[in-house]
$ cat run.cif   # mmCIF, C-alpha atoms
data_structure
#
loop_
_atom_site.label_atom_id
_atom_site.label_comp_id
_atom_site.auth_asym_id
_atom_site.auth_seq_id
_atom_site.Cartn_x
_atom_site.Cartn_y
_atom_site.Cartn_z
CA MET M 26 272.23 -115.80 -85.91
CA ASN M 27 270.76 -114.47 -82.69
CA PRO M 28 266.97 -115.00 -82.61
CA HIS M 29 266.63 -112.21 -80.03
CA ALA M 30 268.42 -109.56 -82.09
CA THR M 31 266.33 -106.84 -83.69
CA GLU M 32 266.19 -106.63 -87.46
CA PRO M 33 269.09 -104.42 -88.63
CA THR M 34 267.03 -103.18 -91.59
CA ALA M 35 264.32 -101.65 -89.43
CA ASP M 36 266.82 -100.35 -86.88
CA ALA M 37 269.01 -98.61 -89.48
CA ALA M 38 266.03 -97.01 -91.22
CA ALA M 39 264.45 -95.89 -87.93
CA ALA M 40 267.76 -94.39 -86.79
CA TYR M 41 268.12 -92.57 -90.11
CA LEU M 42 264.60 -91.10 -89.88
CA GLU M 43 265.21 -90.03 -86.28
CA ALA M 44 268.45 -88.28 -87.28
CA LEU M 45 266.66 -86.64 -90.25
CA HIS M 46 263.97 -85.35 -87.87
CA GLY M 47 266.72 -83.75 -85.78
CA ARG M 48 268.44 -82.15 -88.81
CA LEU M 49 265.14 -80.72 -90.09
CA THR M 50 264.26 -79.32 -86.66
CA ALA M 51 267.74 -77.84 -86.20
CA ASP M 52 267.41 -76.05 -89.56
CA GLY M 53 264.13 -74.41 -88.55
CA CYS M 54 261.72 -76.64 -90.46
CA THR M 55 258.23 -77.36 -89.29
CA VAL M 56 258.23 -81.14 -88.81
CA THR M 57 255.15 -83.40 -88.93
CA SER M 58 254.36 -87.08 -89.50
CA PRO M 59 251.66 -87.57 -92.15
CA PRO M 60 250.70 -91.17 -93.01
CA TRP M 61 251.56 -92.75 -96.35
CA ASP M 62 250.54 -96.30 -97.23
CA ASP M 63 250.89 -97.52 -93.60
CA HIS M 64 254.41 -96.07 -93.30
CA ARG M 65 255.69 -93.47 -90.86
CA VAL M 66 256.72 -90.35 -92.79
CA VAL M 67 259.00 -87.63 -91.49
CA ALA M 68 257.89 -84.42 -93.19
CA GLY M 69 259.59 -81.06 -92.93
CA SER M 70 258.80 -77.73 -94.56
CA ARG M 71 260.24 -74.23 -94.67
CA ALA M 72 260.05 -71.12 -96.83
CA ASP M 73 263.03 -68.99 -97.83
CA ARG M 74 263.29 -65.65 -99.61
CA LYS M 75 266.57 -64.17 -100.84
CA VAL M 76 267.48 -60.96 -102.62
CA ARG M 77 269.42 -62.85 -105.30
CA TRP M 78 266.15 -64.57 -106.22
CA PHE M 79 264.72 -61.12 -106.98
CA GLY M 80 262.65 -61.25 -103.80
CA THR M 81 260.81 -64.43 -104.74
CA LYS M 82 260.18 -67.21 -102.27
CA VAL M 83 260.82 -70.94 -102.44
CA GLU M 84 258.89 -73.37 -100.30
CA LEU M 85 260.84 -76.54 -99.52
CA PHE M 86 259.07 -79.77 -98.55
CA VAL M 87 260.93 -82.86 -97.35
CA PHE M 88 259.24 -86.26 -97.03
CA ALA M 89 261.03 -89.44 -95.96
CA ALA M 90 259.78 -92.93 -95.20
CA ALA M 91 261.43 -96.26 -94.48
CA VAL M 92 260.41 -99.22 -96.64
CA PRO M 93 261.66 -102.83 -96.82
CA GLU M 94 263.08 -102.19 -100.30
CA VAL M 95 263.07 -99.38 -102.85
CA ASP M 96 262.07 -100.14 -106.42
CA VAL M 97 261.04 -97.80 -109.23
CA ALA M 98 257.31 -98.37 -108.72
CA THR M 99 257.43 -97.61 -104.98
CA LEU M 100 259.66 -94.56 -105.48
CA GLY M 101 257.37 -93.27 -108.23
CA GLU M 102 254.29 -93.78 -106.06
CA PHE M 103 255.89 -92.04 -103.08
CA THR M 104 257.12 -89.15 -105.26
CA GLY M 105 253.62 -88.65 -106.68
CA TRP M 106 252.08 -88.74 -103.20
CA ALA M 107 254.66 -86.26 -101.85
CA MET M 108 254.07 -83.83 -104.71
CA ARG M 109 250.28 -83.96 -104.29
CA TYR M 110 250.62 -83.57 -100.51
CA ALA M 111 252.96 -80.58 -100.90
CA LYS M 112 250.59 -79.02 -103.44
CA ASP M 113 247.77 -79.23 -100.89
CA LEU M 114 249.96 -77.64 -98.18
CA ARG M 115 251.06 -74.66 -100.23
CA ARG M 116 249.93 -71.22 -99.24
CA GLY M 117 248.94 -68.22 -101.31
CA ILE M 118 246.76 -67.50 -104.28
CA PRO M 119 247.02 -70.10 -107.06
CA GLY M 120 248.96 -68.69 -109.98
CA ALA M 121 250.61 -66.01 -107.83
CA ARG M 122 252.74 -68.33 -105.74
CA ASN M 123 256.46 -68.83 -105.93
CA ALA M 124 258.25 -72.11 -106.55
CA ALA M 125 257.93 -75.19 -104.38
CA MET M 126 260.62 -77.83 -104.19
CA VAL M 127 259.91 -81.34 -102.92
CA LEU M 128 262.51 -83.81 -101.68
CA PRO M 129 260.75 -87.22 -101.43
CA ALA M 130 263.14 -89.82 -99.97
CA LEU M 131 262.76 -93.53 -99.42
CA VAL M 132 265.11 -95.17 -96.92
CA SER M 133 266.00 -98.88 -97.00
CA THR M 134 268.87 -101.32 -96.76
CA ARG M 135 267.82 -102.61 -100.19
CA VAL M 136 267.69 -100.09 -103.03
CA HIS M 137 267.28 -101.55 -106.49
CA PRO M 138 269.82 -100.09 -108.94
CA GLU M 139 266.97 -99.09 -111.31
CA ALA M 140 265.37 -97.03 -108.54
CA ALA M 141 268.63 -95.22 -107.82
CA ARG M 142 269.06 -94.52 -111.55
CA TRP M 143 265.45 -93.24 -111.75
CA ALA M 144 266.11 -90.86 -108.84
CA ALA M 145 269.35 -89.58 -110.41
CA GLU M 146 267.83 -89.23 -113.88
CA ASP M 147 265.98 -85.91 -113.60
CA ALA M 148 263.69 -83.73 -111.51
CA ARG M 149 259.93 -84.21 -111.79
CA VAL M 150 257.59 -81.28 -112.41
CA LEU M 151 253.93 -80.93 -111.42
CA GLY M 152 252.26 -77.92 -112.97
CA THR M 153 254.64 -75.00 -113.47
CA THR M 154 255.81 -74.33 -109.92
CA LEU M 155 256.16 -77.70 -108.13
CA ILE M 156 259.43 -79.56 -108.68
CA SER M 157 260.61 -82.72 -106.95
CA ARG M 158 264.01 -84.35 -106.69
CA PRO M 159 263.37 -87.93 -105.52
CA LEU M 160 266.04 -89.56 -103.36
CA THR M 161 267.00 -93.08 -102.45
CA ILE M 162 268.90 -93.60 -99.22
CA GLU M 163 270.53 -96.99 -98.83
CA THR M 164 271.34 -97.77 -95.20
CA ALA M 165 273.09 -101.08 -95.81
CA PRO M 166 275.52 -102.04 -93.03
CA ALA M 167 278.54 -101.88 -95.37
CA ALA M 168 277.85 -98.42 -96.84
CA ARG M 169 275.31 -95.62 -96.90
CA ARG M 170 274.47 -94.17 -100.31
CA THR M 171 272.22 -91.24 -101.19
CA THR M 172 271.13 -90.86 -104.80
CA MET M 173 269.31 -87.88 -106.31
CA TYR M 174 269.32 -85.65 -109.40
CA ARG M 175 271.87 -82.88 -108.82
CA GLY M 176 271.60 -81.06 -112.13
CA ARG M 177 269.81 -77.86 -113.04
CA VAL M 178 266.18 -77.63 -114.05
CA VAL M 179 264.55 -75.21 -116.47
CA VAL M 180 261.58 -74.42 -114.23
CA GLY M 181 262.83 -73.31 -110.80
CA GLY M 182 266.48 -73.35 -111.84
CA LEU M 183 267.07 -70.16 -109.88
CA PHE M 184 266.72 -72.19 -106.66
CA THR M 185 268.91 -75.18 -107.62
CA GLY M 186 271.89 -74.23 -105.45
CA HIS M 187 269.69 -73.63 -102.41
CA VAL M 188 267.83 -76.93 -102.82
CA LEU M 189 271.04 -78.91 -103.29
CA GLN M 190 272.56 -77.24 -100.23
CA LYS M 191 269.51 -78.17 -98.11
CA ALA M 192 269.48 -81.72 -99.52
CA SER M 193 273.14 -82.13 -98.51
CA LEU M 194 272.33 -80.87 -95.03
CA TYR M 195 269.29 -83.11 -94.55
CA PHE M 196 270.58 -86.22 -96.36
CA PRO M 197 274.35 -86.40 -95.69
#
$ encode --input "run.cif" --output "structure tokens"
Amino acid sequence: MNPHATEPTADAAAAYLEALHGRLTADGCTVTSPPWDDHRVVAGSRADRKVRWFGTKVELFVFAAAVPEVDVATLGEFTGWAMRYAKDLRRGIPGARNAAMVLPALVSTRVHPEAARWAAEDARVLGTTLISRPLTIETAPAARRTTMYRGRVVVGGLFTGHVLQKASLYFP
């Protein structure tokens, strides 16, 4: 082992976040870096309106942070933080707003299988118009795996295809 080599875990996660920043910017998102629990967060947001959605608008919020390992507790905490943060960022009159979708992602070379299952299990709902689809991104040297819930949801189901398309673009 080379004592002068940088830690591959930190390098892989930092490279992933840098590439995510570029994909969000290229897609027209507003990109910021809010703090979360002493971690650097890449945050992107955009709003889209389409005729097929009967003129309604969806606000999409993306939050990603690198952590040493992803377990269910950390993913749950980050998802809750991301949903509260997105709720505070939303525009418009409460009750008259359209749907907001949140993609909270934790990046690590070590993702516990339970955390990946929790992410794939279902979407999380806050109130009636804020829906999150947590993601785990494993950046292990041997393989990169992205896990998230890809099914439909009752609340906000009209936007499922759009959100999954954006998730595939941002988290290949």
$ closest_residue --input "run.cif" --among "M:Arg48, M:Arg65, M:Arg175, M:His187" --to "Leu131 (chain M)" --atoms "all atoms listed in the file"
M:Arg65
$ closest_residue --input "run.cif" --among "M:Glu84, M:Asp52, M:Asp36, M:Asp113" --to "Pro166 (chain M)" --atoms "only C-alpha atoms"
M:Asp36
$ closest_residue --input "run.cif" --among "M:Leu114, M:Val83, M:Ala38, M:Ala91" --to "Asp62 (chain M)" --atoms "only C-alpha atoms"
M:Ala91
$ closest_residue --input "run.cif" --among "M:Arg158, M:Lys82, M:His137, M:Arg170" --to "Asp96 (chain M)" --atoms "only C-alpha atoms"
M:His137
$ resolve_selection --input "run.cif" --expression "the PyMOL selection byres ((chain M and resi 46) around 10)" --output "ChimeraX atom specification"
/M:40-45,47-51,54-58,67-69,89,195
$ atom_distance --input "run.cif" --atom1 "CA of Pro129 (chain M)" --atom2 "CA of Ala165 (chain M)"
19.4 Å
$ resolve_selection --input "run.cif" --expression "the PyMOL selection byres ((chain M and resi 145) around 12)" --output "list in words"
Val97, Leu100, Pro138, Glu139, Ala140, Ala141, Arg142, Trp143, Ala144, Glu146, Asp147, Ala148, Arg149, Ser157, Arg158, Pro159, Leu160, Thr161, Ile162, Thr171, Thr172, Met173, Tyr174, Arg175 and Gly176 of chain M
$ resolve_selection --input "run.cif" --expression "the PyMOL selection byres ((chain M and resi 94) around 6)" --output "short mmCIF file (atom, residue, chain, number, x, y, z; two decimals) with C-alpha atoms, keeping the file's coordinate frame"
data_model
loop_
_atom_site.label_atom_id
_atom_site.label_comp_id
_atom_site.auth_asym_id
_atom_site.auth_seq_id
_atom_site.Cartn_x
_atom_site.Cartn_y
_atom_site.Cartn_z
CA VAL M 92 260.41 -99.22 -96.64
CA PRO M 93 261.66 -102.83 -96.82
CA VAL M 95 263.07 -99.38 -102.85
CA SER M 133 266.00 -98.88 -97.00
CA ARG M 135 267.82 -102.61 -100.19
CA VAL M 136 267.69 -100.09 -103.03
#
$ residues_around --input "run.cif" --residues "Gly105 (chain M)" --least-positions-apart "4" --cutoff "12 Å" --atoms "all atoms listed in the file" --output "PDB file with C-alpha atoms, in the coordinates of the input"
ATOM      1  CA  TRP M  61     251.560 -92.750 -96.350  1.00  0.00           C
ATOM      2  CA  PHE M  88     259.240 -86.260 -97.030  1.00  0.00           C
ATOM      3  CA  ALA M  98     257.310 -98.370-108.720  1.00  0.00           C
ATOM      4  CA  THR M  99     257.430 -97.610-104.980  1.00  0.00           C
ATOM      5  CA  LEU M 100     259.660 -94.560-105.480  1.00  0.00           C
ATOM      6  CA  GLY M 101     257.370 -93.270-108.230  1.00  0.00           C
ATOM      7  CA  ARG M 109     250.280 -83.960-104.290  1.00  0.00           C
ATOM      8  CA  TYR M 110     250.620 -83.570-100.510  1.00  0.00           C
ATOM      9  CA  ALA M 111     252.960 -80.580-100.900  1.00  0.00           C
ATOM     10  CA  LYS M 112     250.590 -79.020-103.440  1.00  0.00           C
ATOM     11  CA  VAL M 127     259.910 -81.340-102.920  1.00  0.00           C
ATOM     12  CA  LEU M 128     262.510 -83.810-101.680  1.00  0.00           C
ATOM     13  CA  PRO M 129     260.750 -87.220-101.430  1.00  0.00           C
ATOM     14  CA  ALA M 130     263.140 -89.820 -99.970  1.00  0.00           C
ATOM     15  CA  ARG M 149     259.930 -84.210-111.790  1.00  0.00           C
ATOM     16  CA  VAL M 150     257.590 -81.280-112.410  1.00  0.00           C
ATOM     17  CA  LEU M 151     253.930 -80.930-111.420  1.00  0.00           C
ATOM     18  CA  LEU M 155     256.160 -77.700-108.130  1.00  0.00           C
ATOM     19  CA  ILE M 156     259.430 -79.560-108.680  1.00  0.00           C
ATOM     20  CA  SER M 157     260.610 -82.720-106.950  1.00  0.00           C
ATOM     21  CA  ARG M 158     264.010 -84.350-106.690  1.00  0.00           C
ATOM     22  CA  PRO M 159     263.370 -87.930-105.520  1.00  0.00           C
TER      23      PRO M 159
END
$ atom_distance --input "run.cif" --atom1 "CA of Phe184 (chain M)" --atom2 "CA of Glu163 (chain M)"
26.3 Å
$ atom_distance --input "run.cif" --atom1 "CA of Gly53 (chain M)" --atom2 "CA of Thr104 (chain M)"
23.4 Å
$ closest_residue --input "run.cif" --among "M:Asn123, M:Thr81, M:Pro60, M:Ala72" --to "Phe103 (chain M)" --atoms "only C-alpha atoms"
M:Pro60
$ build_atoms --input "run.cif" --residues "region 62-77 of chain M" --atoms "N, CA and C atoms" --output "PDB file, in the frame of the given file"
ATOM      1  N   ASP M  62     250.559 -94.863 -96.953  1.00  0.00           N
ATOM      2  CA  ASP M  62     250.540 -96.300 -97.230  1.00  0.00           C
ATOM      3  C   ASP M  62     251.023 -97.119 -96.020  1.00  0.00           C
ATOM      4  N   ASP M  63     250.531 -96.824 -94.843  1.00  0.00           N
ATOM      5  CA  ASP M  63     250.890 -97.520 -93.600  1.00  0.00           C
ATOM      6  C   ASP M  63     252.353 -97.367 -93.192  1.00  0.00           C
ATOM      7  N   HIS M  64     253.018 -96.334 -93.673  1.00  0.00           N
ATOM      8  CA  HIS M  64     254.410 -96.070 -93.300  1.00  0.00           C
ATOM      9  C   HIS M  64     254.482 -94.761 -92.520  1.00  0.00           C
ATOM     10  N   ARG M  65     255.409 -94.704 -91.591  1.00  0.00           N
ATOM     11  CA  ARG M  65     255.690 -93.470 -90.860  1.00  0.00           C
ATOM     12  C   ARG M  65     256.485 -92.560 -91.792  1.00  0.00           C
ATOM     13  N   VAL M  66     256.039 -91.333 -91.934  1.00  0.00           N
ATOM     14  CA  VAL M  66     256.720 -90.350 -92.790  1.00  0.00           C
ATOM     15  C   VAL M  66     257.228 -89.219 -91.902  1.00  0.00           C
ATOM     16  N   VAL M  67     258.466 -88.844 -92.110  1.00  0.00           N
ATOM     17  CA  VAL M  67     259.000 -87.630 -91.490  1.00  0.00           C
ATOM     18  C   VAL M  67     258.871 -86.549 -92.547  1.00  0.00           C
ATOM     19  N   ALA M  68     258.123 -85.500 -92.235  1.00  0.00           N
ATOM     20  CA  ALA M  68     257.890 -84.420 -93.190  1.00  0.00           C
ATOM     21  C   ALA M  68     258.363 -83.100 -92.594  1.00  0.00           C
ATOM     22  N   GLY M  69     259.112 -82.364 -93.364  1.00  0.00           N
ATOM     23  CA  GLY M  69     259.590 -81.060 -92.930  1.00  0.00           C
ATOM     24  C   GLY M  69     259.298 -80.024 -93.998  1.00  0.00           C
ATOM     25  N   SER M  70     259.035 -78.794 -93.571  1.00  0.00           N
ATOM     26  CA  SER M  70     258.800 -77.730 -94.560  1.00  0.00           C
ATOM     27  C   SER M  70     259.351 -76.408 -94.036  1.00  0.00           C
ATOM     28  N   ARG M  71     259.734 -75.571 -94.989  1.00  0.00           N
ATOM     29  CA  ARG M  71     260.240 -74.230 -94.670  1.00  0.00           C
ATOM     30  C   ARG M  71     260.083 -73.374 -95.923  1.00  0.00           C
ATOM     31  N   ALA M  72     260.106 -72.064 -95.717  1.00  0.00           N
ATOM     32  CA  ALA M  72     260.050 -71.120 -96.830  1.00  0.00           C
ATOM     33  C   ALA M  72     261.234 -70.168 -96.704  1.00  0.00           C
ATOM     34  N   ASP M  73     261.873 -69.882 -97.807  1.00  0.00           N
ATOM     35  CA  ASP M  73     263.030 -68.990 -97.830  1.00  0.00           C
ATOM     36  C   ASP M  73     262.861 -67.952 -98.932  1.00  0.00           C
ATOM     37  N   ARG M  74     263.325 -66.745 -98.641  1.00  0.00           N
ATOM     38  CA  ARG M  74     263.290 -65.650 -99.610  1.00  0.00           C
ATOM     39  C   ARG M  74     264.673 -65.007 -99.592  1.00  0.00           C
ATOM     40  N   LYS M  75     265.242 -64.781-100.764  1.00  0.00           N
ATOM     41  CA  LYS M  75     266.570 -64.170-100.840  1.00  0.00           C
ATOM     42  C   LYS M  75     266.572 -63.083-101.910  1.00  0.00           C
ATOM     43  N   VAL M  76     267.376 -62.074-101.680  1.00  0.00           N
ATOM     44  CA  VAL M  76     267.480 -60.960-102.620  1.00  0.00           C
ATOM     45  C   VAL M  76     267.939 -61.447-103.988  1.00  0.00           C
ATOM     46  N   ARG M  77     268.891 -62.376-104.008  1.00  0.00           N
ATOM     47  CA  ARG M  77     269.420 -62.850-105.300  1.00  0.00           C
ATOM     48  C   ARG M  77     268.362 -63.581-106.126  1.00  0.00           C
TER      49      ARG M  77
END
